[in-house]
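Q: File upload13.txt follows (compact mmCIF, C-alpha atoms):
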# COMPACT_ATOMS: atom_id res chain seq x y z
CA MET J 1 134.97 85.91 107.97
CA LYS J 2 132.83 89.00 108.61
CA LYS J 3 135.01 91.04 106.26
CA PHE J 4 134.64 88.35 103.59
CA PHE J 5 130.84 88.61 103.71
CA ILE J 6 131.02 92.41 103.62
CA ILE J 7 133.17 92.27 100.49
CA PHE J 8 130.95 89.56 98.98
CA SER J 9 127.85 91.72 99.58
CA THR J 10 129.35 94.45 97.37
CA VAL J 11 129.28 92.20 94.29
CA LYS J 12 126.40 93.09 91.94
CA LYS J 13 123.26 91.38 93.16
CA GLU J 14 122.53 89.97 89.70
CA LEU J 15 125.86 88.11 89.71
CA ARG J 16 125.25 86.84 93.25
CA TYR J 17 121.74 85.60 92.41
CA ILE J 18 123.05 83.66 89.39
CA LEU J 19 125.71 82.11 91.66
CA TYR J 20 123.04 81.07 94.19
CA GLY J 21 120.96 79.47 91.42
CA ASP J 22 123.96 77.59 90.01
CA LEU J 23 125.00 76.29 93.42
CA LEU J 24 121.46 75.13 94.09
CA PHE J 25 121.23 73.34 90.76
CA VAL J 26 124.61 71.60 91.22
CA LEU J 27 123.50 70.44 94.67
CA ILE J 28 120.12 69.14 93.44
CA TYR J 29 121.71 67.56 90.35
CA ASN J 30 124.28 65.54 92.30
CA ILE J 31 122.02 64.55 95.21
CA TRP J 32 118.71 63.90 93.47
CA LEU J 33 118.52 64.27 89.67
CA LEU J 34 121.28 61.71 88.91
CA ASN J 35 119.26 59.05 90.73
CA ILE J 36 116.10 59.64 88.69
CA PRO J 37 115.59 57.49 85.55
CA GLU J 38 115.64 59.47 82.31
CA LYS J 39 112.05 60.34 81.33
CA ILE J 40 112.67 62.47 78.23
CA SER J 41 114.98 62.04 75.26
CA TRP J 42 118.36 63.63 75.78
CA GLY J 43 117.41 64.40 79.37
CA TYR J 44 120.71 63.17 80.76
CA GLU J 45 122.76 65.00 78.13
CA ILE J 46 120.87 68.27 78.76
CA GLY J 47 121.44 67.87 82.50
CA VAL J 48 125.16 67.34 81.94
CA ILE J 49 125.38 70.48 79.78
CA ILE J 50 123.55 72.62 82.36
CA HIS J 51 125.64 71.13 85.16
CA THR J 52 128.84 71.92 83.25
CA LEU J 53 127.71 75.50 82.57
CA CYS J 54 126.89 75.98 86.25
CA LEU J 55 130.30 74.73 87.32
CA SER J 56 131.94 76.98 84.74
CA TYR J 57 130.08 80.02 86.10
CA ILE J 58 130.99 79.13 89.67
CA ALA J 59 134.66 78.82 88.70
CA ALA J 60 134.50 82.10 86.75
CA PHE J 61 132.83 83.84 89.70
CA ILE J 62 135.55 82.65 92.09
CA PHE J 63 138.23 83.92 89.68
CA PHE J 64 136.42 87.26 89.29
CA PHE J 65 135.91 87.67 93.03
CA LEU J 66 139.49 86.86 94.05
CA ASN J 67 141.37 88.56 91.22
CA ILE J 68 139.17 91.49 90.19
CA HIS J 69 136.45 92.41 92.67
CA HIS J 70 138.62 92.03 95.78
CA SER J 71 141.25 94.29 94.20
CA GLN J 72 138.61 96.87 93.27
CA PHE J 73 137.22 96.71 96.81
CA LYS J 74 140.64 97.49 98.30
CA SER J 75 140.85 100.48 95.96
CA ARG J 76 137.49 101.68 97.24
CA VAL J 77 138.71 101.48 100.80
CA LYS J 78 141.84 103.45 99.91
CA GLY J 79 139.76 106.16 98.26
CA ARG J 80 137.02 106.16 100.91
CA THR J 81 138.15 109.31 102.72
CA TYR J 82 138.55 111.24 99.48
CA VAL J 83 135.10 110.17 98.27
CA GLN J 84 133.46 111.00 101.60
CA ASN J 85 134.92 114.51 101.48
CA LYS J 86 133.50 115.03 98.00
CA ILE J 87 130.10 113.70 99.03
CA SER J 88 130.18 116.02 102.06
CA LYS J 89 130.63 118.97 99.70
CA ILE J 90 127.40 118.14 97.87
CA SER J 91 125.65 117.54 101.20
CA ARG J 92 126.80 120.99 102.35
CA LEU J 93 125.42 122.61 99.19
CA ASN J 94 122.07 120.94 99.83
CA MET J 95 121.97 122.06 103.48
CA GLU J 96 122.83 125.62 102.48
CA LEU J 97 119.97 125.56 99.96
CA HIS J 98 117.56 124.35 102.63
CA SER J 99 118.76 127.04 105.03
CA VAL J 100 117.89 129.70 102.45
CA LEU J 101 114.46 128.16 101.90
CA LYS J 102 113.75 128.00 105.63
CA LYS J 103 113.87 131.79 105.85
CA GLN J 104 110.68 131.93 103.77
CA LEU J 105 108.63 129.64 106.04
CA ASN J 106 106.35 130.91 108.81
CA SER J 107 107.82 131.22 112.31
CA GLU J 108 105.02 129.00 113.66
CA ASN J 109 106.86 126.09 112.07
CA GLU J 110 110.02 126.64 114.13
CA GLU J 111 109.87 123.21 115.81
CA GLU J 112 109.66 121.47 112.46
CA LEU J 113 112.44 123.65 111.10
CA GLU J 114 114.86 122.32 113.69
CA LYS J 115 115.47 119.48 111.24
CA ARG J 116 118.33 120.30 108.89
CA ILE J 117 116.46 119.12 105.80
CA LEU J 118 113.00 120.31 104.81
CA THR J 119 110.20 117.98 103.79
CA GLU J 120 108.86 117.94 100.26
CA GLU J 121 105.78 119.92 101.33
CA GLN J 122 107.90 122.52 103.11
CA ILE J 123 110.03 122.95 100.00
CA LYS J 124 106.91 123.50 97.89
CA THR J 125 105.58 126.07 100.38
CA ALA J 126 108.87 127.98 100.48
CA CYS J 127 109.18 128.00 96.69
CA THR J 128 105.81 129.73 96.26
CA GLU J 129 107.02 132.62 98.46
CA ILE J 130 110.32 133.29 96.67
CA ASN J 131 110.92 135.43 93.60
CA VAL J 132 113.65 133.94 91.42
CA LYS J 133 114.96 137.41 90.58
CA GLN J 134 115.60 138.39 94.19
CA GLN J 135 119.05 138.39 95.75
CA VAL J 136 120.22 135.18 97.42
CA LYS J 137 122.44 135.26 100.50
CA VAL J 138 124.02 131.95 101.46
CA THR J 139 125.48 131.63 104.95
CA SER J 140 128.44 129.28 105.03
CA THR J 141 132.07 129.35 106.19
CA VAL J 142 132.23 132.40 103.95
CA ASP J 143 128.95 134.15 103.13
CA TYR J 144 128.03 134.29 99.45
CA VAL J 145 125.65 136.76 97.81
CA PHE J 146 124.15 136.04 94.40
CA GLY J 147 122.22 138.51 92.29
CA ASN J 148 119.38 136.04 91.73
CA TRP J 149 118.49 132.35 91.92
CA PHE J 150 119.72 131.70 88.38
CA GLN J 151 123.24 132.68 89.44
CA TYR J 152 122.91 130.63 92.63
CA PHE J 153 121.91 127.45 90.79
CA ASN J 154 124.73 128.02 88.29
CA TYR J 155 127.21 128.25 91.18
CA MET J 156 125.89 125.01 92.71
CA HIS J 157 126.03 123.28 89.34
CA LYS J 158 129.69 124.23 88.83
CA GLU J 159 130.59 123.00 92.31
CA ILE J 160 128.88 119.66 91.71
CA MET J 161 130.50 119.23 88.29
CA GLU J 162 133.88 119.80 89.96
CA VAL J 163 133.09 116.96 92.36
CA ILE J 164 132.05 114.60 89.55
CA SER J 165 135.10 115.52 87.46
CA SER J 166 137.56 115.02 90.31
CA LEU J 167 136.05 111.64 91.24
CA ALA J 168 136.05 110.50 87.62
CA GLN J 169 139.78 111.24 87.40
CA GLN J 170 140.57 109.06 90.40
CA ASN J 171 141.82 105.75 89.04
CA LEU J 172 141.76 104.26 92.53
CA TYR J 173 138.04 104.65 92.89
CA ASN J 174 135.29 103.76 90.45
CA ASP J 175 131.88 102.70 91.67
CA GLU J 176 128.81 102.41 89.43
CA GLU J 177 126.40 103.03 92.30
CA LEU J 178 128.13 106.29 93.25
CA PHE J 179 128.32 107.64 89.70
CA GLU J 180 124.72 106.67 88.99
CA ILE J 181 123.61 108.97 91.82
CA LEU J 182 126.01 111.73 90.77
CA PHE J 183 124.86 111.63 87.15
CA LYS J 184 121.23 111.83 88.30
CA ILE J 185 122.13 114.94 90.31
CA GLU J 186 123.83 116.40 87.24
CA PHE J 187 120.63 115.74 85.27
CA GLN J 188 118.56 117.62 87.87
CA PHE J 189 120.64 120.72 87.20
CA ASP J 190 120.87 120.30 83.43
CA ALA J 191 117.14 119.68 83.01
CA TYR J 192 115.61 121.73 85.82
CA LEU J 193 117.70 123.93 88.10
CA ASN J 194 120.34 125.34 85.73
CA ARG J 195 118.74 124.92 82.34
CA PHE J 196 119.34 128.64 81.67
CA LYS J 197 123.05 128.40 82.60
CA GLY J 198 122.92 131.26 85.12
CA ASN J 199 121.13 133.69 82.80
CA GLN J 200 118.10 135.50 84.18
CA VAL J 201 114.90 134.84 82.22
CA ASN J 202 111.20 135.36 82.78
CA VAL J 203 109.55 132.27 84.22
CA LYS J 204 105.92 131.80 85.15
CA GLU J 205 105.02 134.35 87.85
CA ASP J 206 108.77 134.76 88.47
CA SER J 207 108.33 132.26 91.30
CA LEU J 208 110.85 129.70 92.52
CA ASN J 209 107.92 127.32 92.21
CA PHE J 210 109.13 126.85 88.61
CA PHE J 211 112.20 125.04 90.04
CA LYS J 212 110.59 123.10 92.90
CA ASP J 213 110.77 119.69 91.18
CA GLY J 214 114.50 120.10 90.62
CA ILE J 215 115.06 121.18 94.24
CA ILE J 216 113.07 118.21 95.55
CA GLY J 217 114.93 115.83 93.23
CA PHE J 218 118.33 117.23 94.24
CA SER J 219 117.44 116.93 97.94
CA SER J 220 116.27 113.33 97.53
CA LEU J 221 119.40 112.32 95.61
CA THR J 222 121.61 113.99 98.21
CA GLU J 223 119.98 111.79 100.85
CA GLU J 224 120.92 108.78 98.71
CA LEU J 225 124.51 110.03 98.63
CA ILE J 226 124.55 110.32 102.41
CA LYS J 227 123.30 106.74 102.77
CA TYR J 228 126.00 105.67 100.32
CA ARG J 229 128.60 107.45 102.44
CA GLU J 230 127.34 105.68 105.56
CA LYS J 231 127.66 102.36 103.73
CA LEU J 232 131.29 103.14 102.96
CA ASP J 233 132.01 103.20 106.69
CA LYS J 234 131.13 99.50 106.89
CA TYR J 235 133.84 98.68 104.35
CA SER J 236 136.71 100.21 106.31
Show how you would write the structure in this file as C-alpha cells.

A:
Amino acid sequence: MKKFFIIFSTVKKELRYILYGDLLFVLIYNIWLLNIPEKISWGYEIGVIIHTLCLSYIAAFIFFFLNIHHSQFKSRVKGRTYVQNKISKISRLNMELHSVLKKQLNSENEEELEKRILTEEQIKTACTEINVKQQVKVTSTVDYVFGNWFQYFNYMHKEIMEVISSLAQQNLYNDEELFEILFKIEFQFDAYLNRFKGNQVNVKEDSLNFFKDGIIGFSSLTEELIKYREKLDKYS
C-alpha cells in the first residue's frame, strides 16, 4: 500500500487535484444533491452532465494510472542508478567550482568554508577578487588547468551538455521535472556563463563579478538536482 501511494504521489499534481475535486463532487451529488428539489431550470440535467463528466475523468485517470503512469514509473526505477550517476557528475562540477572560489576568500572564514557549498554572499565576495583572464586550476580525480575562466566555463558547459544528451537518448527514462531543471542549467551557461563560447573577451573590470549571477543560478539549480536525486531513492 505504501508503494502505491508513493507511485500515486508522482502523478502531476494538477491531475491529482482534478481527481480529488471529481471524487468530492460525485460523493456530494449522490449523498446530498439528488435529495434537493430542483430550484433552477435544467438544474437536474446540468447535474447529470457534470456527474457523468466526473465519472468519465475518474475512469480515464484509473486507466492512465494503471496502463501508462505505472509503466513509466517502473522505467524510472530501472533508470534510477544511471540518472543518479549523471546528476552526480553535475554536482561534482559545481563542487569543483566552489572549491576554486573558496581559495579567494579570507582565511578568517575557515569555519564557514568547511561547508562544501558557498553561500550566495560568499560567491559574490569571491567573484570580486578574481580576474577572469587568470589561470584556473581545478583539483579533481585528475587536476585540470585552464588558461582562463572562459575556457573553464566552456569545459563545464560541454560536460553538462553531454549529461543532458545522454539522458535524452535514454528511452527508459523521461521525466519532465528532471529535464526542466537540466534545461534551466543549460540556460545559465548559454545566457551567462558561456555566452562567449570559451573565447576570451574584455568584460567590465575583467572581474568574475560579471558572471556571478550565472554562478549563483547554477549552484541553486544544482541543489535542486540533488533534492531530485534524493527523491529518487524513495521510489526504489

Q: Could you state the separation of atom CA of Phe25 of chain J and atom CA of Leu53 of chain J in Å, given to one decimal place?

A: 10.7 Å

Q: Can you tell me how far atom CA of Asn194 of chain J sits from atom CA of Lys158 of chain J, in Å to one decimal?

A: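 These two atoms are separated by 9.9 Å.
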
Q: Have a look at J:Phe65, J:Trp32, J:Phe196, J:Trp149 and name the one nearest to Phe4 of chain J; count all atoms listed in the file.

A: J:Phe65

Q: Measuring between all atoms listed in the file, which one of J:Lys204, J:His70, J:His51, J:Lys102 shows the shortest distance to Gly21 of chain J?

A: J:His51

Q: What is the atom CA of Val11 of chain J to atom CA of Gln72 of chain J distance in Å?

A: 10.5 Å

Q: Compare J:Arg92, J:Lys197, J:Lys231, J:Lys212 by their minimum atom-to-atom distance to Ile130 of chain J, counting all atoms listed in the file, and give me the closest one.

A: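 The closest residue to Ile130 of chain J is J:Lys212.
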
Q: Generate the coordinates of all heavy atoms for segment 63-74 of chain J; report them as an mmCIF file, in the frame of the given file.

A:
data_model
loop_
_atom_site.group_PDB
_atom_site.id
_atom_site.type_symbol
_atom_site.label_atom_id
_atom_site.label_comp_id
_atom_site.auth_asym_id
_atom_site.auth_seq_id
_atom_site.Cartn_x
_atom_site.Cartn_y
_atom_site.Cartn_z
ATOM 1 N N PHE J 63 137.093 83.217 90.289
ATOM 2 C CA PHE J 63 138.230 83.920 89.680
ATOM 3 C C PHE J 63 137.990 85.429 89.706
ATOM 4 O O PHE J 63 138.873 86.208 90.071
ATOM 5 C CB PHE J 63 138.436 83.438 88.248
ATOM 6 C CG PHE J 63 139.549 84.152 87.532
ATOM 7 C CD1 PHE J 63 140.862 83.730 87.652
ATOM 8 C CD2 PHE J 63 139.275 85.268 86.737
ATOM 9 C CE1 PHE J 63 141.894 84.398 87.002
ATOM 10 C CE2 PHE J 63 140.296 85.944 86.090
ATOM 11 C CZ PHE J 63 141.607 85.507 86.224
ATOM 12 N N PHE J 64 136.776 85.834 89.307
ATOM 13 C CA PHE J 64 136.420 87.260 89.290
ATOM 14 C C PHE J 64 136.498 87.857 90.686
ATOM 15 O O PHE J 64 137.046 88.948 90.885
ATOM 16 C CB PHE J 64 135.006 87.423 88.716
ATOM 17 C CG PHE J 64 134.356 88.732 89.058
ATOM 18 C CD1 PHE J 64 134.713 89.894 88.384
ATOM 19 C CD2 PHE J 64 133.392 88.798 90.060
ATOM 20 C CE1 PHE J 64 134.119 91.113 88.707
ATOM 21 C CE2 PHE J 64 132.798 90.013 90.387
ATOM 22 C CZ PHE J 64 133.164 91.167 89.705
ATOM 23 N N PHE J 65 135.964 87.140 91.663
ATOM 24 C CA PHE J 65 135.910 87.670 93.030
ATOM 25 C C PHE J 65 137.316 87.842 93.611
ATOM 26 O O PHE J 65 137.619 88.878 94.221
ATOM 27 C CB PHE J 65 135.091 86.730 93.915
ATOM 28 C CG PHE J 65 134.944 87.225 95.331
ATOM 29 C CD1 PHE J 65 134.028 88.207 95.644
ATOM 30 C CD2 PHE J 65 135.754 86.703 96.344
ATOM 31 C CE1 PHE J 65 133.901 88.665 96.946
ATOM 32 C CE2 PHE J 65 135.632 87.158 97.643
ATOM 33 C CZ PHE J 65 134.701 88.143 97.945
ATOM 34 N N LEU J 66 138.160 86.831 93.432
ATOM 35 C CA LEU J 66 139.490 86.860 94.050
ATOM 36 C C LEU J 66 140.462 87.782 93.319
ATOM 37 O O LEU J 66 141.285 88.456 93.948
ATOM 38 C CB LEU J 66 140.068 85.442 94.111
ATOM 39 C CG LEU J 66 139.325 84.452 95.006
ATOM 40 C CD1 LEU J 66 139.981 83.084 94.924
ATOM 41 C CD2 LEU J 66 139.281 84.945 96.459
ATOM 42 N N ASN J 67 140.363 87.837 91.994
ATOM 43 C CA ASN J 67 141.370 88.560 91.220
ATOM 44 C C ASN J 67 140.937 89.950 90.757
ATOM 45 O O ASN J 67 141.796 90.791 90.465
ATOM 46 C CB ASN J 67 141.761 87.743 89.983
ATOM 47 C CG ASN J 67 142.474 86.467 90.345
ATOM 48 O OD1 ASN J 67 143.660 86.456 90.638
ATOM 49 N ND2 ASN J 67 141.727 85.360 90.345
ATOM 50 N N ILE J 68 139.643 90.198 90.692
ATOM 51 C CA ILE J 68 139.170 91.490 90.190
ATOM 52 C C ILE J 68 138.403 92.263 91.259
ATOM 53 O O ILE J 68 138.789 93.373 91.644
ATOM 54 C CB ILE J 68 138.289 91.306 88.937
ATOM 55 C CG1 ILE J 68 139.103 90.624 87.828
ATOM 56 C CG2 ILE J 68 137.747 92.648 88.460
ATOM 57 C CD1 ILE J 68 138.301 90.325 86.585
ATOM 58 N N HIS J 69 137.315 91.677 91.746
ATOM 59 C CA HIS J 69 136.450 92.410 92.670
ATOM 60 C C HIS J 69 137.177 92.739 93.973
ATOM 61 O O HIS J 69 137.035 93.856 94.493
ATOM 62 C CB HIS J 69 135.194 91.590 92.971
ATOM 63 C CG HIS J 69 134.220 92.332 93.833
ATOM 64 N ND1 HIS J 69 133.402 93.329 93.336
ATOM 65 C CD2 HIS J 69 133.950 92.244 95.164
ATOM 66 C CE1 HIS J 69 132.668 93.819 94.319
ATOM 67 N NE2 HIS J 69 132.973 93.181 95.424
ATOM 68 N N HIS J 70 137.918 91.784 94.515
ATOM 69 C CA HIS J 70 138.620 92.030 95.780
ATOM 70 C C HIS J 70 139.626 93.167 95.615
ATOM 71 O O HIS J 70 139.778 94.018 96.506
ATOM 72 C CB HIS J 70 139.332 90.761 96.233
ATOM 73 C CG HIS J 70 139.928 90.861 97.590
ATOM 74 N ND1 HIS J 70 141.248 91.224 97.800
ATOM 75 C CD2 HIS J 70 139.384 90.685 98.830
ATOM 76 C CE1 HIS J 70 141.491 91.247 99.096
ATOM 77 N NE2 HIS J 70 140.391 90.923 99.743
ATOM 78 N N SER J 71 140.302 93.214 94.463
ATOM 79 C CA SER J 71 141.250 94.290 94.200
ATOM 80 C C SER J 71 140.536 95.631 94.089
ATOM 81 O O SER J 71 141.002 96.652 94.618
ATOM 82 C CB SER J 71 142.008 93.996 92.899
ATOM 83 O OG SER J 71 142.877 95.048 92.574
ATOM 84 N N GLN J 72 139.388 95.645 93.395
ATOM 85 C CA GLN J 72 138.610 96.870 93.270
ATOM 86 C C GLN J 72 138.099 97.326 94.632
ATOM 87 O O GLN J 72 138.058 98.532 94.924
ATOM 88 C CB GLN J 72 137.433 96.654 92.319
ATOM 89 C CG GLN J 72 137.844 96.477 90.870
ATOM 90 C CD GLN J 72 136.659 96.209 89.971
ATOM 91 O OE1 GLN J 72 135.573 95.833 90.424
ATOM 92 N NE2 GLN J 72 136.854 96.385 88.676
ATOM 93 N N PHE J 73 137.719 96.375 95.466
ATOM 94 C CA PHE J 73 137.220 96.710 96.810
ATOM 95 C C PHE J 73 138.311 97.395 97.624
ATOM 96 O O PHE J 73 138.063 98.385 98.312
ATOM 97 C CB PHE J 73 136.762 95.432 97.519
ATOM 98 C CG PHE J 73 136.304 95.675 98.935
ATOM 99 C CD1 PHE J 73 135.011 96.081 99.196
ATOM 100 C CD2 PHE J 73 137.177 95.494 99.995
ATOM 101 C CE1 PHE J 73 134.591 96.303 100.497
ATOM 102 C CE2 PHE J 73 136.767 95.716 101.297
ATOM 103 C CZ PHE J 73 135.468 96.123 101.545
ATOM 104 N N LYS J 74 139.536 96.877 97.564
ATOM 105 C CA LYS J 74 140.640 97.490 98.300
ATOM 106 C C LYS J 74 140.887 98.914 97.807
ATOM 107 O O LYS J 74 141.235 99.799 98.591
ATOM 108 C CB LYS J 74 141.901 96.641 98.165
ATOM 109 C CG LYS J 74 141.836 95.321 98.915
ATOM 110 C CD LYS J 74 143.198 94.659 99.026
ATOM 111 C CE LYS J 74 143.719 94.232 97.682
ATOM 112 N NZ LYS J 74 145.021 93.509 97.790
#
